[in-house]
file structure12.cif (mmCIF, C-alpha atoms)
data_my_file
loop_
_atom_site.label_atom_id
_atom_site.label_comp_id
_atom_site.auth_asym_id
_atom_site.auth_seq_id
_atom_site.Cartn_x
_atom_site.Cartn_y
_atom_site.Cartn_z
CA MET A 1 95.03 34.07 53.96
CA ASN A 2 95.78 33.42 50.32
CA ILE A 3 98.62 30.92 49.92
CA GLU A 4 98.98 31.51 46.19
CA GLY A 5 101.49 34.31 45.65
CA SER A 6 102.68 34.21 49.26
CA VAL A 7 106.24 33.88 50.54
CA ALA A 8 106.74 31.38 53.36
CA LEU A 9 109.55 30.54 55.76
CA VAL A 10 109.59 27.12 57.42
CA THR A 11 111.99 26.46 60.29
CA GLY A 12 113.33 22.94 60.53
CA GLY A 13 112.26 22.70 56.92
CA ASN A 14 114.73 20.18 55.54
CA ARG A 15 112.98 16.99 56.79
CA GLY A 16 109.86 15.56 58.40
CA ILE A 17 106.90 17.88 58.85
CA GLY A 18 108.94 20.89 57.76
CA GLU A 19 109.88 19.26 54.46
CA ALA A 20 106.22 18.37 53.88
CA PHE A 21 105.25 21.99 54.55
CA VAL A 22 107.74 23.22 51.95
CA ARG A 23 106.27 20.96 49.31
CA ALA A 24 102.71 21.82 50.33
CA PHE A 25 103.41 25.54 49.97
CA LEU A 26 104.89 24.99 46.52
CA ALA A 27 101.88 22.93 45.46
CA ALA A 28 99.55 25.64 46.76
CA GLY A 29 101.23 28.30 44.63
CA ALA A 30 103.62 30.08 46.99
CA THR A 31 106.00 32.33 45.07
CA ARG A 32 108.97 31.47 47.27
CA VAL A 33 109.65 29.20 50.23
CA TYR A 34 112.61 29.72 52.54
CA VAL A 35 113.84 26.53 54.18
CA GLY A 36 115.31 27.23 57.59
CA THR A 37 117.93 24.58 58.35
CA ARG A 38 121.01 24.31 60.53
CA ASP A 39 122.99 23.11 57.49
CA VAL A 40 121.94 24.43 54.08
CA ALA A 41 123.41 21.33 52.43
CA ASN A 42 120.61 19.30 54.03
CA ALA A 43 118.02 21.26 52.04
CA ARG A 44 119.69 20.85 48.65
CA HIS A 45 117.08 18.34 47.49
CA LEU A 46 114.28 20.84 48.15
CA VAL A 47 116.16 23.65 46.44
CA ASP A 48 116.52 21.42 43.38
CA GLU A 49 112.84 20.45 43.48
CA GLY A 50 111.76 24.08 43.82
CA GLN A 51 113.36 25.13 40.53
CA GLY A 52 114.16 28.64 41.72
CA ARG A 53 111.29 28.95 44.20
CA VAL A 54 113.07 27.42 47.22
CA VAL A 55 115.90 29.14 49.11
CA ALA A 56 117.85 27.42 51.88
CA VAL A 57 118.64 29.64 54.87
CA GLU A 58 121.10 28.77 57.63
CA LEU A 59 118.93 28.96 60.72
CA ASP A 60 119.33 27.50 64.18
CA VAL A 61 116.49 29.01 66.21
CA SER A 62 118.57 28.77 69.39
CA LYS A 63 121.09 31.25 67.93
CA PRO A 64 119.90 34.89 68.00
CA GLU A 65 122.48 35.98 65.44
CA GLN A 66 121.15 33.48 62.89
CA ILE A 67 117.57 34.61 63.50
CA GLU A 68 118.66 38.22 62.95
CA ALA A 69 120.48 37.25 59.75
CA ALA A 70 117.46 35.31 58.48
CA ALA A 71 115.18 38.28 59.07
CA ALA A 72 117.59 40.52 57.17
CA GLN A 73 117.70 38.06 54.27
CA CYS A 74 114.00 37.16 54.12
CA GLN A 75 112.36 40.56 53.95
CA ASP A 76 109.44 39.40 51.81
CA VAL A 77 108.02 36.71 54.12
CA SER A 78 104.24 36.76 54.59
CA ILE A 79 103.86 33.34 56.29
CA LEU A 80 106.07 32.03 59.09
CA VAL A 81 105.89 28.37 60.12
CA ASN A 82 107.69 27.65 63.39
CA ASN A 83 108.33 23.94 63.00
CA ALA A 84 111.84 23.35 64.38
CA GLY A 85 111.73 21.34 67.58
CA GLN A 86 113.67 19.15 69.96
CA PHE A 87 112.77 16.14 72.08
CA SER A 88 115.56 14.90 74.35
CA MET A 89 113.81 11.73 75.61
CA GLN A 90 114.62 12.60 79.24
CA THR A 91 112.24 12.87 82.17
CA LEU A 92 112.41 15.89 84.44
CA LEU A 93 113.93 14.09 87.44
CA LYS A 94 115.91 11.24 85.90
CA ALA A 95 117.86 13.48 83.56
CA PRO A 96 121.39 13.97 84.92
CA ASP A 97 120.96 17.76 84.98
CA LEU A 98 118.75 20.54 83.60
CA SER A 99 120.50 20.82 80.25
CA ALA A 100 117.94 18.74 78.32
CA ALA A 101 114.95 20.62 79.74
CA ARG A 102 116.65 23.97 79.12
CA SER A 103 117.46 23.02 75.53
CA GLU A 104 113.89 21.87 74.85
CA MET A 105 112.51 25.12 76.22
CA GLU A 106 115.09 27.11 74.24
CA ILE A 107 114.26 25.46 70.91
CA ASN A 108 110.54 24.77 71.38
CA TYR A 109 109.55 28.03 73.09
CA PHE A 110 112.17 30.78 73.12
CA GLY A 111 113.26 30.02 69.54
CA PRO A 112 109.77 30.40 68.03
CA LEU A 113 109.16 33.47 70.18
CA ALA A 114 112.38 35.03 68.92
CA MET A 115 111.35 34.23 65.35
CA CYS A 116 107.98 35.87 65.86
CA ARG A 117 109.59 38.98 67.34
CA ALA A 118 112.06 39.22 64.46
CA PHE A 119 109.50 38.67 61.70
CA ALA A 120 106.49 40.57 63.10
CA PRO A 121 107.60 43.87 61.47
CA ILE A 122 108.14 42.04 58.17
CA LEU A 123 104.73 40.38 58.31
CA ALA A 124 103.15 43.76 59.11
CA ARG A 125 104.08 45.02 55.62
CA HIS A 126 101.50 42.70 54.06
CA ALA A 127 97.77 43.24 53.95
CA GLU A 128 97.40 39.70 55.27
CA SER A 129 99.99 37.51 56.93
CA ALA A 130 100.19 34.44 59.15
CA ILE A 131 102.18 32.56 61.73
CA ALA A 132 101.70 28.83 62.31
CA ASN A 133 103.31 27.25 65.36
CA VAL A 134 103.73 23.47 65.08
CA LEU A 135 102.96 22.22 68.58
CA SER A 136 101.99 18.87 70.08
CA ALA A 137 99.21 16.96 71.77
CA GLY A 138 101.75 16.95 74.60
CA GLY A 139 100.83 20.60 74.97
CA ILE A 140 97.23 19.67 75.77
CA VAL A 141 97.90 16.91 78.29
CA ALA A 142 101.09 16.72 80.35
CA VAL A 143 103.16 13.65 79.49
CA PRO A 144 105.69 12.85 82.26
CA GLY A 145 107.69 10.59 79.97
CA MET A 146 108.36 13.54 77.69
CA GLY A 147 110.28 15.50 80.31
CA GLY A 148 110.84 19.10 79.24
CA TYR A 149 109.24 18.61 75.83
CA SER A 150 105.64 18.53 77.06
CA PRO A 151 105.99 21.66 79.26
CA SER A 152 107.69 23.50 76.38
CA LYS A 153 104.71 22.74 74.13
CA PHE A 154 102.31 23.99 76.81
CA ALA A 155 104.36 27.18 76.81
CA GLY A 156 104.25 27.36 73.02
CA ARG A 157 100.48 27.04 73.06
CA ALA A 158 100.11 29.88 75.58
CA MET A 159 102.59 31.95 73.56
CA SER A 160 100.43 31.49 70.47
CA THR A 161 97.41 32.89 72.32
CA CYS A 162 99.34 35.90 73.59
CA LEU A 163 100.88 36.66 70.20
CA ARG A 164 97.50 36.34 68.53
CA ALA A 165 96.24 39.20 70.67
CA GLU A 166 99.31 41.36 70.04
CA LEU A 167 99.37 40.81 66.28
CA ALA A 168 95.65 41.17 65.63
CA ALA A 169 95.99 44.89 64.89
CA GLN A 170 98.36 44.21 61.98
CA ASN A 171 96.12 41.45 60.57
CA THR A 172 98.59 38.65 61.25
CA SER A 173 96.81 35.44 62.19
CA VAL A 174 98.46 33.04 64.65
CA THR A 175 97.56 29.38 64.42
CA ALA A 176 98.52 26.68 66.93
CA LEU A 177 98.82 23.33 65.14
CA ILE A 178 98.30 20.45 67.56
CA VAL A 179 100.13 17.37 66.30
CA GLY A 180 99.86 13.81 67.57
CA SER A 181 102.08 10.91 66.52
CA VAL A 182 103.72 11.41 63.14
CA ASP A 183 106.10 9.23 61.17
CA THR A 184 109.21 11.36 61.68
CA ARG A 185 112.63 10.78 63.19
CA MET A 186 111.54 12.60 66.36
CA ALA A 187 108.77 10.04 66.97
CA SER A 188 110.71 6.96 65.90
CA HIS A 189 110.50 5.60 69.47
CA VAL A 190 106.70 5.82 69.59
CA GLU A 191 104.81 2.59 68.93
CA GLY A 192 101.53 2.27 67.08
CA ALA A 193 99.97 3.99 64.09
CA LYS A 194 101.50 7.25 62.95
CA GLU A 195 100.23 9.95 60.63
CA THR A 196 102.26 11.05 57.63
CA PRO A 197 104.05 14.42 57.62
CA GLU A 198 102.14 15.27 54.45
CA THR A 199 98.81 14.99 56.28
CA ILE A 200 100.02 17.42 58.95
CA ALA A 201 101.27 19.89 56.37
CA LEU A 202 98.01 19.84 54.42
CA ALA A 203 96.05 20.38 57.65
CA GLY A 204 98.39 23.27 58.43
CA ILE A 205 97.90 24.87 55.02
CA LYS A 206 94.14 24.63 55.43
CA ALA A 207 94.34 26.17 58.92
CA ILE A 208 96.46 29.06 57.64
CA ARG A 209 94.03 29.69 54.80
CA CYS A 210 91.13 29.84 57.28
CA GLY A 211 93.00 31.88 59.87
CA ALA A 212 92.11 29.25 62.48
CA ASP A 213 93.25 29.83 66.05
CA GLU A 214 93.98 26.19 66.91
CA VAL A 215 93.63 23.00 64.90
CA ASP A 216 94.06 19.32 65.75
CA THR A 217 95.92 18.08 62.70
CA ASP A 218 95.48 14.31 62.98
CA TYR A 219 93.45 11.54 64.56
CA MET A 220 95.67 11.23 67.66
CA ALA A 221 95.49 14.95 68.44
CA VAL A 222 91.69 14.73 68.18
CA GLU A 223 91.69 11.67 70.44
CA VAL A 224 93.91 13.30 73.05
CA ARG A 225 91.73 16.40 73.22
CA ALA A 226 88.58 14.29 73.53
CA ASN A 227 90.06 12.10 76.30
CA GLN A 228 91.29 15.14 78.18
CA ALA A 229 87.87 16.78 77.98
CA ARG A 230 86.02 13.61 78.99
CA ASP A 231 88.12 12.53 81.98
CA PRO A 232 91.09 14.80 82.73
CA LYS A 233 92.14 13.04 85.94
CA GLY A 234 91.80 9.60 84.38
CA TYR A 235 93.89 10.72 81.43
CA GLU A 236 96.50 12.13 83.79
CA MET A 237 96.75 8.71 85.42
CA GLN A 238 97.11 7.08 81.98
CA MET A 239 100.00 9.38 81.22
CA ARG A 240 101.52 8.54 84.61
CA ARG A 241 101.41 4.84 83.76
CA SER A 242 103.43 5.57 80.62
CA LEU A 243 106.46 6.06 82.87
CA SER A 244 106.44 2.33 83.63
CA GLY A 245 106.87 1.46 79.98
CA GLU A 246 103.32 1.46 78.67
CA ARG A 247 102.72 3.04 75.29
CA VAL A 248 103.01 6.83 75.21
CA THR A 249 100.05 8.12 73.25
CA THR A 250 101.29 11.55 72.21
CA GLY A 251 104.34 12.91 70.47
CA ARG A 252 105.35 14.26 67.09
#
call {"tool": "encode", "arguments": {"input": "structure12.cif", "output": "C-alpha cells"}}
result
Amino acid sequence: MNIEGSVALVTGGNRGIGEAFVRAFLAAGATRVYVGTRDVANARHLVDEGQGRVVAVELDVSKPEQIEAAAAQCQDVSILVNNAGQFSMQTLLKAPDLSAARSEMEINYFGPLAMCRAFAPILARHAESAIANVLSAGGIVAVPGMGGYSPSKFAGRAMSTCLRAELAAQNTSVTALIVGSVDTRMASHVEGAKETPETIALAGIKAIRCGADEVDTDYMAVEVRANQARDPKGYEMQMRRSLSGERVTTGR
C-alpha cells in the first residue's frame, strides 16, 4: 500500500494516537486526511497544520447517521484507520449495570464494524486500499480489571480476521494493530513506562505499507504476546491479581 498520494480517514483523530496518525499520514505524503471527531472544533489545530490537506469530519462511531454522513462526504478515502475507542474503567460485575460494557462494545466493536461496512464500497474503487484497526494487548490476554474493554478488543481482533477474508477479493488489506500502554488520556491511570502515540502511529503506517495482518506496535504488546505464549495460565493468574490493585500491564 502506497501512502504517498493516498487519502486517509482516522476516527478519534483529534488527540492521542489518532492525532499522531494524522500527522504521520501527512509526513508520509497523503494527499488528504479526514479527522473523524465528535466535535470538529477539537480538530482545528490539525486543520491549521494541514494547510488544506486536513478536513475535520463530525463523527461519533456510535451514531449510524454520522457514519452514513461521513461516508457520503469522504468518497475518496483509500485508507481507513479505526482508532476511536472507549474505556469505562469498570469491571464486569462491580459496574452498577451493563451500560458501561454495552458502550465499550458499541464504540470498540460495532462502531468500527459499521465504519468498515460503510467504507468498503468506497475502498473498493481503488486498486489498493487498507483498513487498520487500532486494538489492544487486552485483546490478546483477558484483563479482568478492564471490564468490557478487554472483551471488546477480543471481538475487534476476531472482526479484523473475518473482514480480511471478505475484503481480500477487492484488494483491501486489514491490519490489526496491537497496542500496549501508551501515553494518552485513556491510559492516564496506568502506572509504569508508556510508549508515545507517535511510535504507535509510525508502526501503524509501516504495517499498512506492508499489508501486515497483525502487528505488535510497542514493547508492551510484544511482552504481552510473549508471556501469553510462554505460560497462558500463569499470565491469566497475573491478570487476576491485578484486580487486587497490582499494576495492570496492558491498556492503551
call {"tool": "atom_distance", "arguments": {"input": "structure12.cif", "atom1": "CA of Glu4 (chain A)", "atom2": "CA of Phe25 (chain A)"}}
result
8.3 Å
call {"tool": "resolve_selection", "arguments": {"input": "structure12.cif", "expression": "the PyMOL selection byres ((chain A and resi 70-86) around 9)", "output": "VMD selection string"}}
result
chain A and resid 3 6 to 13 17 to 18 21 32 to 34 36 to 37 57 to 61 65 to 69 87 to 88 103 to 105 107 to 109 111 to 112 115 to 116 118 to 119 122 to 126 128 to 135 149 172 186 208
call {"tool": "resolve_selection", "arguments": {"input": "structure12.cif", "expression": "the PyMOL selection byres ((chain A and resi 217) around 6)", "output": "PDB file with C-alpha atoms, in the frame of the given file"}}
result
ATOM      1  CA  ILE A 178      98.300  20.450  67.560  1.00  0.00           C
ATOM      2  CA  VAL A 179     100.130  17.370  66.300  1.00  0.00           C
ATOM      3  CA  ILE A 200     100.020  17.420  58.950  1.00  0.00           C
ATOM      4  CA  ALA A 203      96.050  20.380  57.650  1.00  0.00           C
ATOM      5  CA  VAL A 215      93.630  23.000  64.900  1.00  0.00           C
ATOM      6  CA  ASP A 216      94.060  19.320  65.750  1.00  0.00           C
ATOM      7  CA  ASP A 218      95.480  14.310  62.980  1.00  0.00           C
TER       8      ASP A 218
END
call {"tool": "closest_residue", "arguments": {"input": "structure12.cif", "among": "A:Glu195, A:Asp48, A:Ala120, A:Glu214", "to": "Ser160 (chain A)", "atoms": "all atoms listed in the file"}}
result
A:Glu214
call {"tool": "atom_distance", "arguments": {"input": "structure12.cif", "atom1": "CA of Arg225 (chain A)", "atom2": "CA of Arg164 (chain A)"}}
result
21.3 Å
call {"tool": "atom_distance", "arguments": {"input": "structure12.cif", "atom1": "CA of Ser152 (chain A)", "atom2": "CA of Ala221 (chain A)"}}
result
16.9 Å
call {"tool": "resolve_selection", "arguments": {"input": "structure12.cif", "expression": "the PyMOL selection byres ((chain A and resi 209) around 10)", "output": "list in words"}}
result
Met1, Asn2, Ile3, Ala130, Ser173, Ala203, Gly204, Ile205, Lys206, Ala207, Ile208, Cys210, Gly211 and Ala212 of chain A
call {"tool": "residues_around", "arguments": {"input": "structure12.cif", "residues": "Phe154 (chain A)", "least_positions_apart": "6", "cutoff": "8 Å", "atoms": "all atoms listed in the file", "output": "ChimeraX atom specification"}}
result
/A:138-140
call {"tool": "closest_residue", "arguments": {"input": "structure12.cif", "among": "A:Val35, A:Ala158, A:Ala20, A:Ala137", "to": "Tyr219 (chain A)", "atoms": "only C-alpha atoms"}}
result
A:Ala137
call {"tool": "axis_aligned_box", "arguments": {"input": "structure12.cif", "around": "region 144-162 of chain A", "padding_each_side": "3 Å", "output": "AutoDock Vina command-line options"}}
result
--center_x 104.1 --center_y 23.2 --center_z 76.4 --size_x 19.4 --size_y 31.3 --size_z 17.8
call {"tool": "residues_around", "arguments": {"input": "structure12.cif", "residues": "region 89-93 of chain A", "least_positions_apart": "5", "cutoff": "6 Å", "atoms": "all atoms listed in the file", "output": "PyMOL selection string"}}
result
chain A and resi 145-147
call {"tool": "closest_residue", "arguments": {"input": "structure12.cif", "among": "A:Met237, A:Leu46, A:Ala101, A:Val182", "to": "Ala24 (chain A)", "atoms": "all atoms listed in the file"}}
result
A:Leu46
call {"tool": "closest_residue", "arguments": {"input": "structure12.cif", "among": "A:Val40, A:Asn227, A:Gly148, A:Leu113", "to": "Lys94 (chain A)", "atoms": "only C-alpha atoms"}}
result
A:Gly148
call {"tool": "build_atoms", "arguments": {"input": "structure12.cif", "residues": "region 92-124 of chain A", "atoms": "N, CA and C atoms", "output": "mmCIF file, in the coordinates of the input"}}
result
data_model
loop_
_atom_site.group_PDB
_atom_site.id
_atom_site.type_symbol
_atom_site.label_atom_id
_atom_site.label_comp_id
_atom_site.auth_asym_id
_atom_site.auth_seq_id
_atom_site.Cartn_x
_atom_site.Cartn_y
_atom_site.Cartn_z
ATOM 1 N N LEU A 92 111.962 14.712 83.706
ATOM 2 C CA LEU A 92 112.410 15.890 84.440
ATOM 3 C C LEU A 92 113.351 15.551 85.587
ATOM 4 N N LEU A 93 113.122 14.432 86.264
ATOM 5 C CA LEU A 93 113.930 14.090 87.440
ATOM 6 C C LEU A 93 115.049 13.108 87.155
ATOM 7 N N LYS A 94 114.877 12.236 86.173
ATOM 8 C CA LYS A 94 115.910 11.240 85.900
ATOM 9 C C LYS A 94 117.016 11.763 84.996
ATOM 10 N N ALA A 95 116.794 12.870 84.352
ATOM 11 C CA ALA A 95 117.860 13.480 83.560
ATOM 12 C C ALA A 95 119.017 13.845 84.482
ATOM 13 N N PRO A 96 120.252 13.709 84.040
ATOM 14 C CA PRO A 96 121.390 13.970 84.920
ATOM 15 C C PRO A 96 121.485 15.423 85.392
ATOM 16 N N ASP A 97 120.943 16.340 84.600
ATOM 17 C CA ASP A 97 120.960 17.760 84.980
ATOM 18 C C ASP A 97 119.831 18.456 84.225
ATOM 19 N N LEU A 98 119.834 19.772 84.233
ATOM 20 C CA LEU A 98 118.750 20.540 83.600
ATOM 21 C C LEU A 98 119.017 20.865 82.134
ATOM 22 N N SER A 99 120.132 20.389 81.595
ATOM 23 C CA SER A 99 120.500 20.820 80.250
ATOM 24 C C SER A 99 119.476 20.410 79.200
ATOM 25 N N ALA A 100 118.915 19.196 79.307
ATOM 26 C CA ALA A 100 117.940 18.740 78.320
ATOM 27 C C ALA A 100 116.671 19.590 78.372
ATOM 28 N N ALA A 101 116.166 19.818 79.584
ATOM 29 C CA ALA A 101 114.950 20.620 79.740
ATOM 30 C C ALA A 101 115.179 22.053 79.266
ATOM 31 N N ARG A 102 116.349 22.608 79.573
ATOM 32 C CA ARG A 102 116.650 23.970 79.120
ATOM 33 C C ARG A 102 116.725 24.039 77.598
ATOM 34 N N SER A 103 117.327 23.024 76.986
ATOM 35 C CA SER A 103 117.460 23.020 75.530
ATOM 36 C C SER A 103 116.097 22.884 74.858
ATOM 37 N N GLU A 104 115.239 22.025 75.413
ATOM 38 C CA GLU A 104 113.890 21.870 74.850
ATOM 39 C C GLU A 104 113.099 23.162 74.958
ATOM 40 N N MET A 105 113.215 23.845 76.086
ATOM 41 C CA MET A 105 112.510 25.120 76.220
ATOM 42 C C MET A 105 113.106 26.169 75.284
ATOM 43 N N GLU A 106 114.416 26.146 75.125
ATOM 44 C CA GLU A 106 115.090 27.110 74.240
ATOM 45 C C GLU A 106 114.630 26.952 72.795
ATOM 46 N N ILE A 107 114.570 25.709 72.321
ATOM 47 C CA ILE A 107 114.260 25.460 70.910
ATOM 48 C C ILE A 107 112.756 25.438 70.648
ATOM 49 N N ASN A 108 111.979 24.928 71.597
ATOM 50 C CA ASN A 108 110.540 24.770 71.380
ATOM 51 C C ASN A 108 109.723 25.978 71.797
ATOM 52 N N TYR A 109 110.298 26.840 72.637
ATOM 53 C CA TYR A 109 109.550 28.030 73.090
ATOM 54 C C TYR A 109 110.278 29.332 72.763
ATOM 55 N N PHE A 110 111.476 29.512 73.316
ATOM 56 C CA PHE A 110 112.170 30.780 73.120
ATOM 57 C C PHE A 110 112.557 30.994 71.660
ATOM 58 N N GLY A 111 112.914 29.902 70.953
ATOM 59 C CA GLY A 111 113.260 30.020 69.540
ATOM 60 C C GLY A 111 112.095 30.536 68.705
ATOM 61 N N PRO A 112 110.924 29.882 68.766
ATOM 62 C CA PRO A 112 109.770 30.400 68.030
ATOM 63 C C PRO A 112 109.372 31.812 68.444
ATOM 64 N N LEU A 113 109.487 32.119 69.730
ATOM 65 C CA LEU A 113 109.160 33.470 70.180
ATOM 66 C C LEU A 113 110.118 34.479 69.554
ATOM 67 N N ALA A 114 111.399 34.145 69.537
ATOM 68 C CA ALA A 114 112.380 35.030 68.920
ATOM 69 C C ALA A 114 112.104 35.202 67.432
ATOM 70 N N MET A 115 111.706 34.129 66.768
ATOM 71 C CA MET A 115 111.350 34.230 65.350
ATOM 72 C C MET A 115 110.168 35.153 65.141
ATOM 73 N N CYS A 116 109.161 35.013 65.979
ATOM 74 C CA CYS A 116 107.980 35.870 65.860
ATOM 75 C C CYS A 116 108.334 37.339 66.085
ATOM 76 N N ARG A 117 109.174 37.596 67.071
ATOM 77 C CA ARG A 117 109.590 38.980 67.340
ATOM 78 C C ARG A 117 110.371 39.554 66.161
ATOM 79 N N ALA A 118 111.242 38.743 65.565
ATOM 80 C CA ALA A 118 112.060 39.220 64.460
ATOM 81 C C ALA A 118 111.255 39.448 63.193
ATOM 82 N N PHE A 119 110.232 38.612 62.961
ATOM 83 C CA PHE A 119 109.500 38.670 61.700
ATOM 84 C C PHE A 119 108.186 39.449 61.790
ATOM 85 N N ALA A 120 107.749 39.811 62.982
ATOM 86 C CA ALA A 120 106.490 40.570 63.100
ATOM 87 C C ALA A 120 106.518 41.852 62.271
ATOM 88 N N PRO A 121 107.585 42.657 62.305
ATOM 89 C CA PRO A 121 107.600 43.870 61.470
ATOM 90 C C PRO A 121 107.567 43.571 59.976
ATOM 91 N N ILE A 122 108.152 42.443 59.580
ATOM 92 C CA ILE A 122 108.140 42.040 58.170
ATOM 93 C C ILE A 122 106.741 41.601 57.761
ATOM 94 N N LEU A 123 106.089 40.833 58.599
ATOM 95 C CA LEU A 123 104.730 40.380 58.310
ATOM 96 C C LEU A 123 103.762 41.565 58.261
ATOM 97 N N ALA A 124 104.036 42.590 59.043
ATOM 98 C CA ALA A 124 103.150 43.760 59.110
ATOM 99 C C ALA A 124 103.093 44.523 57.782
#
